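Source file run15.tsv; content: TSV, C-alpha atoms and all ligand atoms.
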```tsv
chain	number	residue	atom	x	y	z
A	1	MET	CA	-122.59	63.38	31.89
A	2	LYS	CA	-126.10	61.96	31.53
A	3	TYR	CA	-128.40	62.69	34.45
A	4	ARG	CA	-132.12	62.01	34.62
A	5	VAL	CA	-133.93	64.75	36.50
A	6	GLY	CA	-137.59	64.95	37.39
A	7	VAL	CA	-140.11	67.53	38.44
A	8	ALA	CA	-143.17	66.48	40.46
A	9	GLN	CA	-146.45	68.38	40.60
A	10	PHE	CA	-149.45	67.45	42.71
A	11	GLN	CA	-152.03	68.76	45.16
A	12	PRO	CA	-151.22	68.00	48.80
A	13	ASN	CA	-154.11	67.87	51.25
A	14	LEU	CA	-153.89	70.25	54.20
A	15	PHE	CA	-152.73	68.55	57.43
A	16	GLU	CA	-152.76	65.07	55.84
A	17	VAL	CA	-149.10	64.12	56.12
A	18	ASP	CA	-149.63	60.35	55.75
A	19	GLU	CA	-151.92	60.81	52.76
A	20	ASN	CA	-149.49	63.23	51.09
A	21	LEU	CA	-146.51	60.93	51.61
A	22	ASN	CA	-148.57	58.10	50.18
A	23	LYS	CA	-149.50	60.22	47.15
A	24	MET	CA	-145.83	61.06	46.49
A	25	ASN	CA	-144.91	57.39	46.85
A	26	GLN	CA	-147.62	56.46	44.31
A	27	LEU	CA	-146.49	59.15	41.86
A	28	LEU	CA	-142.96	57.71	41.99
A	29	LYS	CA	-144.10	54.21	40.95
A	30	GLY	CA	-142.22	53.19	37.81
A	31	ILE	CA	-140.17	56.42	37.70
A	32	LYS	CA	-136.49	55.96	36.83
A	33	ALA	CA	-134.43	59.03	37.65
A	34	ASP	CA	-131.31	60.34	39.38
A	35	LEU	CA	-132.96	63.36	41.03
A	36	VAL	CA	-136.64	64.19	41.55
A	37	VAL	CA	-137.91	67.46	43.05
A	38	PHE	CA	-141.20	67.81	44.97
A	39	PRO	CA	-143.04	71.04	45.93
A	40	GLU	CA	-142.69	73.28	48.98
A	41	LEU	CA	-144.60	71.95	52.04
A	42	ALA	CA	-145.48	68.89	50.00
A	43	THR	CA	-146.16	66.85	53.12
A	44	SER	CA	-148.44	69.29	54.91
A	45	GLY	CA	-150.31	71.71	52.65
A	46	TYR	CA	-149.84	75.48	52.86
A	47	VAL	CA	-152.78	77.56	54.13
A	48	PHE	CA	-152.17	77.54	57.87
A	49	GLY	CA	-154.26	79.50	60.36
A	50	SER	CA	-152.09	79.25	63.47
A	51	LYS	CA	-148.71	78.14	64.78
A	52	GLU	CA	-150.46	75.23	66.50
A	53	GLU	CA	-151.67	73.97	63.14
A	54	VAL	CA	-148.16	74.23	61.74
A	55	ARG	CA	-146.73	72.44	64.77
A	56	SER	CA	-149.25	69.59	64.34
A	57	VAL	CA	-147.63	68.64	60.99
A	58	ALA	CA	-144.00	69.47	61.86
A	59	GLU	CA	-141.24	66.87	61.76
A	60	ASP	CA	-137.63	66.37	62.60
A	61	ALA	CA	-135.60	66.51	59.37
A	62	TYR	CA	-133.65	63.35	60.15
A	63	THR	CA	-136.06	61.13	62.08
A	64	GLY	CA	-139.52	62.26	60.88
A	65	LYS	CA	-141.91	60.38	58.59
A	66	THR	CA	-140.68	62.21	55.49
A	67	ALA	CA	-137.04	61.34	56.17
A	68	LEU	CA	-137.98	57.72	56.85
A	69	LEU	CA	-140.01	57.25	53.66
A	70	PHE	CA	-137.64	59.10	51.34
A	71	SER	CA	-134.50	57.47	52.80
A	72	ARG	CA	-136.04	54.14	51.95
A	73	LEU	CA	-137.09	55.28	48.46
A	74	ALA	CA	-133.70	56.90	47.76
A	75	LYS	CA	-131.91	53.66	48.54
A	76	ALA	CA	-134.40	51.38	46.78
A	77	ASN	CA	-134.59	53.56	43.64
A	78	ASN	CA	-130.97	54.78	43.69
A	79	CYS	CA	-132.26	58.34	43.34
A	80	SER	CA	-131.88	61.67	45.16
A	81	TYR	CA	-135.05	63.48	46.24
A	82	VAL	CA	-135.82	67.04	47.27
A	83	VAL	CA	-138.97	67.41	49.35
A	84	GLY	CA	-140.57	70.42	51.07
A	85	PHE	CA	-141.80	69.85	54.63
A	86	VAL	CA	-142.47	71.61	57.94
A	87	GLU	CA	-139.37	71.30	60.08
A	88	LEU	CA	-139.38	71.35	63.88
A	89	ASN	CA	-135.91	72.09	65.21
A	90	ASP	CA	-135.05	73.30	68.69
A	91	ASP	CA	-138.74	74.03	69.24
A	92	LYS	CA	-138.77	76.35	66.20
A	93	LEU	CA	-140.81	75.89	63.01
A	94	TYR	CA	-139.19	76.26	59.60
A	95	ASN	CA	-140.47	76.05	56.04
A	96	SER	CA	-137.74	73.66	54.89
A	97	SER	CA	-136.75	71.32	52.11
A	98	MET	CA	-134.53	68.29	52.39
A	99	LEU	CA	-132.21	66.63	49.91
A	100	ILE	CA	-132.08	62.89	50.56
A	101	ASN	CA	-129.44	60.78	48.83
A	102	PRO	CA	-129.25	57.04	48.09
A	103	ASP	CA	-126.40	56.73	50.61
A	104	GLY	CA	-128.76	57.94	53.34
A	105	LYS	CA	-127.32	61.44	53.72
A	106	ILE	CA	-129.85	64.21	54.36
A	107	PHE	CA	-129.22	67.94	53.82
A	108	VAL	CA	-131.64	70.67	54.88
A	109	TYR	CA	-132.41	74.15	53.56
A	110	ARG	CA	-134.63	76.51	55.59
A	111	LYS	CA	-136.57	79.06	53.52
A	112	THR	CA	-134.78	82.40	53.74
A	113	HIS	CA	-137.42	84.75	52.35
A	114	LEU	CA	-140.81	84.05	53.90
A	115	PHE	CA	-143.89	85.06	51.90
A	116	TYR	CA	-146.99	86.83	53.25
A	117	GLU	CA	-148.55	85.07	56.29
A	118	GLU	CA	-145.72	82.55	56.47
A	119	LYS	CA	-144.14	85.33	58.53
A	120	LEU	CA	-146.74	84.70	61.23
A	121	PHE	CA	-146.02	80.99	61.52
A	122	PHE	CA	-142.42	80.21	60.56
A	123	GLU	CA	-138.98	81.38	61.65
A	124	PRO	CA	-136.99	82.99	58.84
A	125	GLY	CA	-134.53	80.35	57.65
A	126	ASN	CA	-131.08	80.42	59.22
A	127	SER	CA	-129.34	77.82	57.05
A	128	GLY	CA	-128.11	80.22	54.38
A	129	PHE	CA	-127.68	79.11	50.79
A	130	ASN	CA	-125.59	75.97	50.53
A	131	VAL	CA	-124.67	73.68	47.68
A	132	PHE	CA	-124.90	69.96	48.36
A	133	GLU	CA	-123.85	66.89	46.43
A	134	ALA	CA	-126.75	64.80	45.15
A	135	LYS	CA	-126.35	61.35	43.57
A	136	ASP	CA	-123.12	61.01	41.52
A	137	GLY	CA	-121.72	64.22	43.05
A	138	VAL	CA	-124.00	66.53	41.06
A	139	LYS	CA	-124.01	69.93	42.74
A	140	VAL	CA	-127.45	71.02	43.81
A	141	GLY	CA	-128.57	74.31	45.37
A	142	LEU	CA	-131.90	74.38	47.19
A	143	MET	CA	-134.26	77.37	47.04
A	144	ILE	CA	-137.88	77.57	48.17
A	145	CYS	CA	-140.64	79.46	46.36
A	146	PHE	CA	-140.49	83.23	47.12
A	147	ASP	CA	-136.68	83.07	47.17
A	148	TRP	CA	-137.08	83.47	43.39
A	149	ILE	CA	-137.80	87.20	43.64
A	150	PHE	CA	-134.41	87.83	45.28
A	151	PRO	CA	-131.83	87.30	42.52
A	152	GLU	CA	-129.19	87.02	45.25
A	153	ALA	CA	-130.52	83.58	46.19
A	154	ALA	CA	-129.88	81.91	42.83
A	155	ARG	CA	-126.72	83.96	42.28
A	156	THR	CA	-125.27	82.88	45.63
A	157	LEU	CA	-125.99	79.22	44.87
A	158	ALA	CA	-124.51	79.55	41.38
A	159	LEU	CA	-121.38	81.29	42.69
A	160	LYS	CA	-120.99	78.43	45.16
A	161	GLY	CA	-120.97	76.00	42.24
A	162	ALA	CA	-124.56	74.76	41.95
A	163	GLN	CA	-125.21	73.03	38.63
A	164	ILE	CA	-128.92	72.58	39.28
A	165	ILE	CA	-131.20	74.77	41.41
A	166	THR	CA	-134.01	72.78	42.92
A	167	HIS	CA	-136.89	75.18	43.50
A	168	SER	CA	-139.68	73.66	45.55
A	169	ALA	CA	-142.66	76.00	45.39
A	170	ASN	CA	-146.26	76.79	46.33
A	171	LEU	CA	-146.65	79.67	43.88
A	172	VAL	CA	-149.60	82.04	44.12
A	173	LEU	CA	-148.26	85.08	42.22
A	174	PRO	CA	-148.24	84.92	38.41
A	175	TRP	CA	-144.60	85.84	37.60
A	176	CYS	CA	-142.24	83.19	38.88
A	177	GLN	CA	-142.20	80.65	36.05
A	178	GLN	CA	-141.16	83.37	33.56
A	179	ALA	CA	-138.75	84.99	36.03
A	180	MET	CA	-136.93	81.69	36.56
A	181	ILE	CA	-135.96	81.79	32.87
A	182	THR	CA	-133.81	84.81	33.76
A	183	ARG	CA	-132.47	83.16	36.94
A	184	SER	CA	-131.31	80.17	34.90
A	185	LEU	CA	-129.93	82.27	32.06
A	186	GLU	CA	-128.07	84.89	34.11
A	187	ASN	CA	-126.46	82.18	36.25
A	188	ARG	CA	-126.08	79.57	33.48
A	189	ILE	CA	-127.61	76.89	35.69
A	190	PHE	CA	-130.35	74.31	35.26
A	191	SER	CA	-133.42	74.98	37.38
A	192	ILE	CA	-136.25	72.71	38.42
A	193	THR	CA	-139.33	74.51	39.76
A	194	SER	CA	-141.70	72.02	41.36
A	195	ASN	CA	-144.97	73.78	42.11
A	196	ARG	CA	-148.17	72.45	43.61
A	197	THR	CA	-151.62	72.66	42.08
A	198	GLY	CA	-155.15	73.26	43.30
A	199	GLU	CA	-157.00	75.51	45.67
A	200	GLU	CA	-156.68	75.26	49.44
A	201	ILE	CA	-159.22	76.61	51.90
A	202	ASN	CA	-158.80	76.85	55.67
A	203	GLY	CA	-161.64	78.77	57.38
A	204	ASP	CA	-161.73	82.21	55.78
A	205	LYS	CA	-158.30	81.77	54.17
A	206	LYS	CA	-157.93	80.59	50.59
A	207	GLN	CA	-155.09	80.26	48.08
A	208	PHE	CA	-154.95	79.14	44.47
A	209	PHE	CA	-151.69	77.62	43.30
A	210	THR	CA	-150.49	78.06	39.73
A	211	GLY	CA	-148.89	74.71	38.79
A	212	MET	CA	-146.84	75.05	35.59
A	213	SER	CA	-143.87	73.26	37.12
A	214	GLN	CA	-140.88	73.37	34.82
A	215	ILE	CA	-137.33	72.32	34.02
A	216	LEU	CA	-135.04	74.92	32.41
A	217	THR	CA	-131.64	74.68	30.74
A	218	THR	CA	-128.58	76.82	31.48
A	219	LYS	CA	-129.70	79.08	28.65
A	220	GLY	CA	-133.17	79.56	30.07
A	221	GLU	CA	-134.79	77.25	27.54
A	222	ILE	CA	-137.94	75.48	28.75
A	223	ILE	CA	-137.34	71.73	28.47
A	224	HIS	CA	-140.81	71.11	29.86
A	225	ARG	CA	-143.55	73.11	31.54
A	226	MET	CA	-146.62	71.38	32.99
A	227	ASN	CA	-150.12	72.79	32.82
A	228	GLN	CA	-151.84	74.41	35.84
A	229	THR	CA	-153.62	71.33	37.14
A	230	GLU	CA	-151.90	68.07	36.21
A	231	GLU	CA	-150.55	65.78	38.90
A	232	SER	CA	-147.54	63.97	37.52
A	233	ILE	CA	-143.79	63.60	37.38
A	234	TYR	CA	-141.90	64.61	34.24
A	235	ILE	CA	-138.43	63.17	33.64
A	236	THR	CA	-135.77	64.43	31.22
A	237	GLU	CA	-132.08	63.80	30.68
A	238	ILE	CA	-129.61	66.67	31.13
A	239	ASP	CA	-125.85	67.13	31.38
A	240	PRO	CA	-125.32	69.03	34.66
A	241	THR	CA	-121.67	69.78	33.78
A	242	LEU	CA	-122.90	72.26	31.14
A	243	ALA	CA	-123.58	74.57	34.09
A	244	ASP	CA	-119.84	74.74	34.82
A	245	ASP	CA	-119.35	76.77	31.63
A	246	LYS	CA	-120.28	80.41	32.18
A	247	THR	CA	-119.18	81.55	28.72
A	248	ILE	CA	-121.61	83.77	26.82
A	249	THR	CA	-119.42	84.80	23.85
A	250	GLU	CA	-115.71	84.34	23.24
A	251	TYR	CA	-115.28	87.71	24.96
A	252	ASN	CA	-117.86	87.30	27.74
A	253	ASP	CA	-118.18	85.20	30.84
A	254	ALA	CA	-121.28	85.55	33.04
A	255	PHE	CA	-119.20	85.36	36.21
A	256	GLY	CA	-115.76	86.50	35.01
A	257	ASP	CA	-117.14	89.78	33.65
A	258	ARG	CA	-118.80	90.81	36.90
A	259	ARG	CA	-117.66	94.28	38.06
A	260	LEU	CA	-117.73	93.77	41.80
A	261	ASP	CA	-116.39	97.27	42.54
A	262	PHE	CA	-119.54	98.76	41.07
A	263	TYR	CA	-122.01	96.54	42.93
A	264	LYS	CA	-121.39	98.00	46.39
B	1	LIG	C1	-144.51	81.28	48.37
B	1	LIG	O1	-143.38	81.67	48.69
B	1	LIG	N1	-144.98	80.12	48.79
B	1	LIG	C2	-145.36	82.09	47.52
```
Could you quickly redo this structure as structure tokens?
Amino acid sequence: MKYRVGVAQFQPNLFEVDENLNKMNQLLKGIKADLVVFPELATSGYVFGSKEEVRSVAEDAYTGKTALLFSRLAKANNCSYVVGFVELNDDKLYNSSMLINPDGKIFVYRKTHLFYEEKLFFEPGNSGFNVFEAKDGVKVGLMICFDWIFPEAARTLALKGAQIITHSANLVLPWCQQAMITRSLENRIFSITSNRTGEEINGDKKQFFTGMSQILTTKGEIIHRMNQTEESIYITEIDPTLADDKTITEYNDAFGDRRLDFYK
């Protein structure tokens, strides 16, 4: 199966939802793909100082500005998109990402493992790890940023049949891009880490984001890794069905050889 996947990297501006949506729309001009992944909190920026600030950029997953723009783009471009945004649901704030398909379906993942001061502003995600069908039935598992340091996240998605892990991120620690090589390899899945770039300052708070967004094969090979600062979308063609084969040698299977009795 031939499937064109893309990773987007850019610098969102804090609190500027309209501007950020416009920037993503511009980046997508002329892009032909089946699935494109955008960073964590791509619509809002990251360095929040209060819950009120977070609330000011929060949206409903199905009726908000992000859903409206990307539903239109998904249909017009016949492409699935994954986008990180601030979700307001039942008066609670979540660090979420949505998968939007050309047929108009929207699926939501709420970040399970909150990082650092996110714990002050967001509810821990309650969606669990679910695998959704993107365009052409390709099985996609959504993770967000710090989920990477918990191998259970990628493993759960892989055990549920994910062929591609979409990993929207705002990375500030230096280890993730290398660690994702192991996540892809040990689970025999493709992974797309879409990270943001730039520095963000809000009062006395400041974060620097590491870029280096990447697409990895089921063997942990780097198909492409961006530099720290570029703002672009990189597209490559993969065969997602390769992720259905967990064979390592003729005697070994990454999932079949698991010794569940010893993992308790
Ligand atoms: C992170 O989870 N945004 C570091």
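In this comparison, which uses only C-alpha atoms, the residue of A:Leu41, A:Cys145, A:Leu216, A:Ile235 approaching Leu173 in chain A most closely is A:Cys145.
Within the 12 Å cut-off around Ile201 in chain A, using only C-alpha atoms and omitting residues fewer than 3 positions from it on the same chain, the listed residues are Asn13, Leu14, Phe15, Gly45, Tyr46, Val47, Phe48, Gly49, Gly198, Asp204, Lys205, Lys206, Gln207, Phe208 and Phe209 of chain A.
Between CA of Asn78 in chain A and CA of Ala153 in chain A there is a distance of 28.9 Å.
Selecting all polymer residues at most 8 Å from ligand LIG 1 (chain B), using only C-alpha atoms and all ligand atoms, gives Glu40, Tyr46, His113, Leu114, Phe115, Tyr116, Ile144, Cys145, Phe146, Asp147, Ala169, Asn170, Leu171, Val172 and Leu173 of chain A.
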> Skipping near chain neighbours, those fewer than 3 positions away, what residues fall within 8 Å of Thr236 in chain A using all atoms listed in the file, listed as an MDAnalysis selection string?
Replying inline: chainID A and resid 4:6 223
>> What does the structure give for the distance between CA of Lys51 in chain A and CA of Asp18 in chain A, in Å to one decimal?
In response: 20.0 Å
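Note that the spacing between CA of Lys219 in chain A and CA of Asn187 in chain A amounts to 8.8 Å.
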>> Neighbouring residues of Thr217 in chain A were defined as those with any atom within 12 Å, considering all atoms listed in the file; residues of the same chain fewer than 3 positions away were excluded. Please report them as a ChimeraX atom specification.
In response: /A:5,163-165,180-193,214,220-224,236-243
>> When you look at Lys160 in chain A with a cut-off of 9 Å (counting all atoms listed in the file), what residues show up, excluding the ones that are within fewer than 5 positions of it in the same chain? I need them as a ChimeraX atom specification.
In response: /A:129-131,141,155
>> I'd like the neighbourhood of Leu69 in chain A as a VMD selection string, where a residue qualifies if any of its atoms comes within 12 Å (using only C-alpha atoms), though same-chain residues fewer than 6 positions away should be ignored.
In response: chain A and resid 17 to 18 20 to 25 43 61 to 63 75 to 77 81 83 100 104
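Across A:Thr247, A:Ser127, A:Ser97, A:Ser80, the tightest approach to Asp34 in chain A is made by A:Ser80 when counting all atoms listed in the file.
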Around range 97-113 of chain A, with edges along x, y and z and 3 Å added on all six sides, what centre and edge lengths do you get, in Å to one decimal, as lines of an AutoDock Vina configuration file?
```
center_x = -131.9
center_y = 70.7
center_z = 51.8
size_x = 17.0
size_y = 34.0
size_z = 13.5
```
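Nearest-residue note for Met1 in chain A: choosing from A:Asp257, A:Asp136, A:Glu200, A:Asp91, the minimum distance belongs to A:Asp136, counting all atoms listed in the file.
With all atoms listed in the file as the atoms that count, the minimum distance from Gly256 in chain A to the choices A:Tyr3, A:Phe150, A:Glu53, A:Leu159 is reached by A:Leu159.
With all atoms listed in the file as the basis for measurement, A:Tyr109 is the residue among A:Tyr94, A:Tyr109, A:Tyr263, A:Phe85 that approaches Met143 in chain A most closely.
Of the listed residues A:Glu16, A:Glu152, A:Asp103, A:Glu117, the one whose atoms come nearest to Lys135 in chain A is A:Asp103, with distances taken using only C-alpha atoms.
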Residue completion, range 130-156 of chain A, N, CA, C and O atoms, as an mmCIF file, keeping the file's coordinate frame:
```
data_model
loop_
_atom_site.group_PDB
_atom_site.id
_atom_site.type_symbol
_atom_site.label_atom_id
_atom_site.label_comp_id
_atom_site.auth_asym_id
_atom_site.auth_seq_id
_atom_site.Cartn_x
_atom_site.Cartn_y
_atom_site.Cartn_z
ATOM 1 N N ASN A 130 -126.693 76.934 50.616
ATOM 2 C CA ASN A 130 -125.590 75.970 50.530
ATOM 3 C C ASN A 130 -125.774 75.046 49.341
ATOM 4 O O ASN A 130 -126.899 74.744 48.959
ATOM 5 N N VAL A 131 -124.651 74.626 48.797
ATOM 6 C CA VAL A 131 -124.670 73.680 47.680
ATOM 7 C C VAL A 131 -124.296 72.307 48.225
ATOM 8 O O VAL A 131 -123.317 72.166 48.962
ATOM 9 N N PHE A 132 -125.112 71.328 47.867
ATOM 10 C CA PHE A 132 -124.900 69.960 48.360
ATOM 11 C C PHE A 132 -124.673 69.024 47.182
ATOM 12 O O PHE A 132 -125.116 69.298 46.073
ATOM 13 N N GLU A 133 -124.029 67.898 47.477
ATOM 14 C CA GLU A 133 -123.850 66.890 46.430
ATOM 15 C C GLU A 133 -125.017 65.917 46.452
ATOM 16 O O GLU A 133 -125.278 65.262 47.455
ATOM 17 N N ALA A 134 -125.702 65.818 45.324
ATOM 18 C CA ALA A 134 -126.750 64.800 45.150
ATOM 19 C C ALA A 134 -126.081 63.550 44.575
ATOM 20 O O ALA A 134 -124.851 63.456 44.509
ATOM 21 N N LYS A 135 -126.882 62.593 44.158
ATOM 22 C CA LYS A 135 -126.350 61.350 43.570
ATOM 23 C C LYS A 135 -125.283 61.656 42.501
ATOM 24 O O LYS A 135 -125.452 62.592 41.715
ATOM 25 N N ASP A 136 -124.232 60.879 42.486
ATOM 26 C CA ASP A 136 -123.120 61.010 41.520
ATOM 27 C C ASP A 136 -122.373 62.339 41.642
ATOM 28 O O ASP A 136 -121.720 62.785 40.693
ATOM 29 N N GLY A 137 -122.488 62.999 42.801
ATOM 30 C CA GLY A 137 -121.720 64.220 43.050
ATOM 31 C C GLY A 137 -122.242 65.455 42.331
ATOM 32 O O GLY A 137 -121.574 66.493 42.314
ATOM 33 N N VAL A 138 -123.426 65.352 41.739
ATOM 34 C CA VAL A 138 -124.000 66.530 41.060
ATOM 35 C C VAL A 138 -124.303 67.607 42.098
ATOM 36 O O VAL A 138 -124.845 67.327 43.162
ATOM 37 N N LYS A 139 -123.924 68.849 41.758
ATOM 38 C CA LYS A 139 -124.010 69.930 42.740
ATOM 39 C C LYS A 139 -125.374 70.627 42.646
ATOM 40 O O LYS A 139 -125.738 71.179 41.603
ATOM 41 N N VAL A 140 -126.064 70.567 43.772
ATOM 42 C CA VAL A 140 -127.450 71.020 43.810
ATOM 43 C C VAL A 140 -127.587 72.132 44.839
ATOM 44 O O VAL A 140 -127.082 72.032 45.953
ATOM 45 N N GLY A 141 -128.262 73.223 44.438
ATOM 46 C CA GLY A 141 -128.570 74.310 45.370
ATOM 47 C C GLY A 141 -130.061 74.355 45.598
ATOM 48 O O GLY A 141 -130.841 74.346 44.640
ATOM 49 N N LEU A 142 -130.470 74.401 46.868
ATOM 50 C CA LEU A 142 -131.900 74.380 47.190
ATOM 51 C C LEU A 142 -132.409 75.804 47.420
ATOM 52 O O LEU A 142 -131.794 76.574 48.172
ATOM 53 N N MET A 143 -133.533 76.122 46.773
ATOM 54 C CA MET A 143 -134.260 77.370 47.040
ATOM 55 C C MET A 143 -135.702 76.980 47.310
ATOM 56 O O MET A 143 -136.141 75.923 46.878
ATOM 57 N N ILE A 144 -136.450 77.835 47.987
ATOM 58 C CA ILE A 144 -137.880 77.570 48.170
ATOM 59 C C ILE A 144 -138.676 78.790 47.699
ATOM 60 O O ILE A 144 -138.406 79.927 48.123
ATOM 61 N N CYS A 145 -139.622 78.523 46.850
ATOM 62 C CA CYS A 145 -140.640 79.460 46.360
ATOM 63 C C CYS A 145 -140.183 80.914 46.299
ATOM 64 O O CYS A 145 -139.390 81.262 45.449
ATOM 65 N N PHE A 146 -140.659 81.765 47.223
ATOM 66 C CA PHE A 146 -140.490 83.230 47.120
ATOM 67 C C PHE A 146 -139.022 83.665 47.052
ATOM 68 O O PHE A 146 -138.738 84.806 46.679
ATOM 69 N N ASP A 147 -138.108 82.761 47.361
ATOM 70 C CA ASP A 147 -136.680 83.070 47.170
ATOM 71 C C ASP A 147 -136.420 83.531 45.731
ATOM 72 O O ASP A 147 -135.416 84.209 45.481
ATOM 73 N N TRP A 148 -137.318 83.144 44.801
ATOM 74 C CA TRP A 148 -137.080 83.470 43.390
ATOM 75 C C TRP A 148 -136.996 84.975 43.136
ATOM 76 O O TRP A 148 -136.314 85.415 42.218
ATOM 77 N N ILE A 149 -137.720 85.766 43.960
ATOM 78 C CA ILE A 149 -137.800 87.200 43.640
ATOM 79 C C ILE A 149 -136.551 87.958 44.107
ATOM 80 O O ILE A 149 -136.370 89.128 43.800
ATOM 81 N N PHE A 150 -135.684 87.250 44.839
ATOM 82 C CA PHE A 150 -134.410 87.830 45.280
ATOM 83 C C PHE A 150 -133.316 87.192 44.426
ATOM 84 O O PHE A 150 -132.913 86.056 44.688
ATOM 85 N N PRO A 151 -132.809 87.921 43.425
ATOM 86 C CA PRO A 151 -131.830 87.300 42.520
ATOM 87 C C PRO A 151 -130.583 86.838 43.265
ATOM 88 O O PRO A 151 -129.857 85.968 42.793
ATOM 89 N N GLU A 152 -130.364 87.411 44.451
ATOM 90 C CA GLU A 152 -129.190 87.020 45.250
ATOM 91 C C GLU A 152 -129.224 85.541 45.620
ATOM 92 O O GLU A 152 -128.163 84.924 45.808
ATOM 93 N N ALA A 153 -130.424 84.982 45.758
ATOM 94 C CA ALA A 153 -130.520 83.580 46.190
ATOM 95 C C ALA A 153 -129.912 82.660 45.130
ATOM 96 O O ALA A 153 -128.979 81.894 45.409
ATOM 97 N N ALA A 154 -130.416 82.758 43.909
ATOM 98 C CA ALA A 154 -129.880 81.910 42.830
ATOM 99 C C ALA A 154 -128.436 82.257 42.533
ATOM 100 O O ALA A 154 -127.610 81.385 42.269
ATOM 101 N N ARG A 155 -128.092 83.540 42.583
ATOM 102 C CA ARG A 155 -126.720 83.960 42.280
ATOM 103 C C ARG A 155 -125.753 83.377 43.310
ATOM 104 O O ARG A 155 -124.675 82.888 42.958
ATOM 105 N N THR A 156 -126.143 83.427 44.579
ATOM 106 C CA THR A 156 -125.270 82.880 45.630
ATOM 107 C C THR A 156 -125.045 81.391 45.400
ATOM 108 O O THR A 156 -123.911 80.903 45.469
#
```
